[in-house]
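Reading through the structure tokens given below for one structure.
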2 protein chains.
Amino acid sequence: MALKVVILVGGGGGAKLAHGLAQILPPKQLSIIVNTGDDFWLYGLRVCPDLDTMMYTLAGMIDKTNGWGLTGDTVHVLDSLRRFGEDTWFRLGDQDIATHLLRTERLRAGERLTDIMQNLANNLGVDQRLLPMTDAPVATTLDTLEQGELEFQRYFVQYRWQPTVTGIRLAGIEQAAMSPEVAAAISGADAIVIGPSNPWLSIAPILAVPGLRAALVQRDVPRVAVTPIVAGQALKGPAAKLMAELKYEPSAKSVAGYYGSLINGFIYDEQDEPAPMFPVRATKMDTVMRSDDQRAVFAHNILHWIESWNEA
Amino acid sequence: MALKVVILVGGGGGAKLAHGLAQILPPKQLSIIVNTGDDFWLYGLRVCPDLDTMMYTLAGMIDKTNGWGLTGDTVHVLDSLRRFGEDTWFRLGDQDIATHLLRTERLRAGERLTDIMQNLANNLGVDQRLLPMTDAPVATTLDTLEQGELEFQRYFVQYRWQPTVTGIRLAGIEQAAMSPEVAAAISGADAIVIGPSNPWLSIAPILAVPGLRAALVQRDVPRVAVTPIVAGQALKGPAAKLMAELKYEPSAKSVAGYYGSLINGFIYDEQDEPAPMFPVRATKMDTVMRSDDQRAVFAHNILHWIESWNEA
């Protein structure tokens, strides 16, 4: 296919669908804009969970059981940190630490995260454009009923997204800017896909980068979101639980409504009923990606559907 | 024994002798002033080879075959760094990296190296005073015939001390200061020992910290150096080779002469001849420490000799 595709992702389902697109598109035709609101500092290292999940997935190095980290990774550094009395609540693998070391050293030297990630990815044989949503530090912070204010990874990993969320803030977002690479990817795209990542925790930070949402809406091309909610449930993670806490009905329709005028197309799962009608052009597909092949098939089906729009 | 002892060390023999003293003295009676001129930055981590060798030795965690690093350590992080195209000339073990991570994070937060090392050491069950020679960054740099200017670890590890040394410089030494802890240890010592470390590369940086040499000489107590040269050879490392390059005769006597008025006692090895006489009070001992027990025996013999001075 000759389409140039931009996909917005966090980790999880979004990364899987991006991997599906990577299997069927030439590398130069795929730009992946990745949430960096989950990024945080740990033991002096800059950790970028969604960027690394995406990079490792494309490199074929991801631990598929966990959906994050590197397959076969060990935790000797972490074990030693514990010996020094550290509370090792976040599982940092040894091989993974190499990524964090190089990224952190280059960030401290003044390099842009965009350049660093592209270089790291290239070294692992990843040729797609792997784009941080911004080069500025943004920190997704949650207000919770039980634990008060929580940095994203504390909420997600340490407390296993069990606290009740009452609010979500994006510290630093006002000072963030789109990189030239993100702006160019959006302005050059033939199709924009919002991956089946958590709309509030993974996609919203990307859309909140000043100018980014407007840049997307301005593009008169297919702008299609894929539901992360199937039969009222998230396949993994807190999306459905969070929707209830934020007073949304946990459904694909709510997700489509949340994206509103940002999208002009929506893909819900075949397990869901089409009625009541979605506010935008919608179609149903098997959105559950159980294998690498299913990722590619799903990506193919999405692009096939998008291409059919011109014929209609 | 009731003596309060200060020992000056680098890695190698000095660390072994300090370990001997640690075996026979109560922890509060032993202060170890450690060279930090070898410290350097690697992948954004602050690495302090001599401090860590000393800490790991006292904790019983040192790799005895190498004389540095942790016993049984792995190199998974390093292997991954290589995958990103890094030249991994310095062997950083995984467990060792935990030490560097915590130290670096705390240095960046503004903590003093002295406080950090004492805390790390305490966590490993080391209760002796483990004192960096200074909290300021000092970098031993070598001018070499074959490779030009070399940072210490490049000379020592990457080039295996094979280049011919034409000069030694201590970048940052003018801005360095003794810590209150080093000053207090020296002013309270009943005996001062200069360990059998490399006089030019390990001990000279300590002595060059402004005020430190003067503080030592002012103390009217035994100030005893132990030869690192036995039968014209270094037991390990570049001491003898370096002496020849710096136009010294590679001998125990040259070492004693180099220390000059800093010392009032000198211990040479029983393999060496006593004549020509040393310029200071001297005695011969078995200075080769082949086991932990021999370290303790050697330390005991040194303190025994020092105590005999009062009786003479």
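In the structure tokens, each chain is lettered A, B, ... as it comes, each chain's residues begin at 1, and ligands are numbered from 1 in order of appearance.
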
Write down, as a ChimeraX atom specification, each residue of chain B that has any atom within 8 Å of an atom of chain A, counting only C-alpha atoms. /B:43-44,74,76-81,83-85,94-99,101-102,104-105,120,123-124

Find the spatial neighbours of B:Pro205, counting only C-alpha atoms, within a cut-off of 8 Å - ignore same-chain residues fewer than 6 positions away - and output them as a PyMOL selection string. chain B and resi 35-37+140+170

Within 10 Å of B:Gly265, counting only C-alpha atoms, which residues show up once you throw out same-chain ones fewer than 2 positions away? Write them as a PyMOL selection string, please. chain B and resi 192-193+222-226+256+261-263+267+278-283+305-306+309

Residues near stretch 179-186 of chain A, cut-off 12 Å, only C-alpha atoms, skip fewer than 4 positions along chain, as a ChimeraX atom specification: /A:4-8,28-34,112-115,118,128-136,190-193,206-207,209-223

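Put simply, atom CA of B:Ala244 is 26.9 Å away from atom CA of B:Thr53.
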
My list of candidates is A:Ser254, A:Thr71, A:Gln153, A:Gln294. Which is closest to A:Leu21 when distances are computed with only C-alpha atoms? A:Gln294

Mind checking DSSP for stretch 133-188 of chain A and telling me the strand (DSSP E) residues as a PyMOL selection string? chain A and resi 139-144+148-151+165-171

I need the residues in stretch 112-228 of chain B that are alpha helix (DSSP H) according to DSSP; give them as a PyMOL selection string. chain B and resi 113-123+152-153+180-187+204-208+212-218

Residues at most 10 Å from A:Val157, counting only C-alpha atoms, excluding those fewer than 6 positions away in the same chain, as JSON, numbers by chain? {"A": [89, 90, 91]}

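Relative to atom CA of B:Glu307, atom CA of B:Gln23 is found at 17.9 Å.
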
Just give me the gap between atom CA of A:Leu17 and atom CA of A:Arg295 in Å, one decimal is fine. 5.7 Å
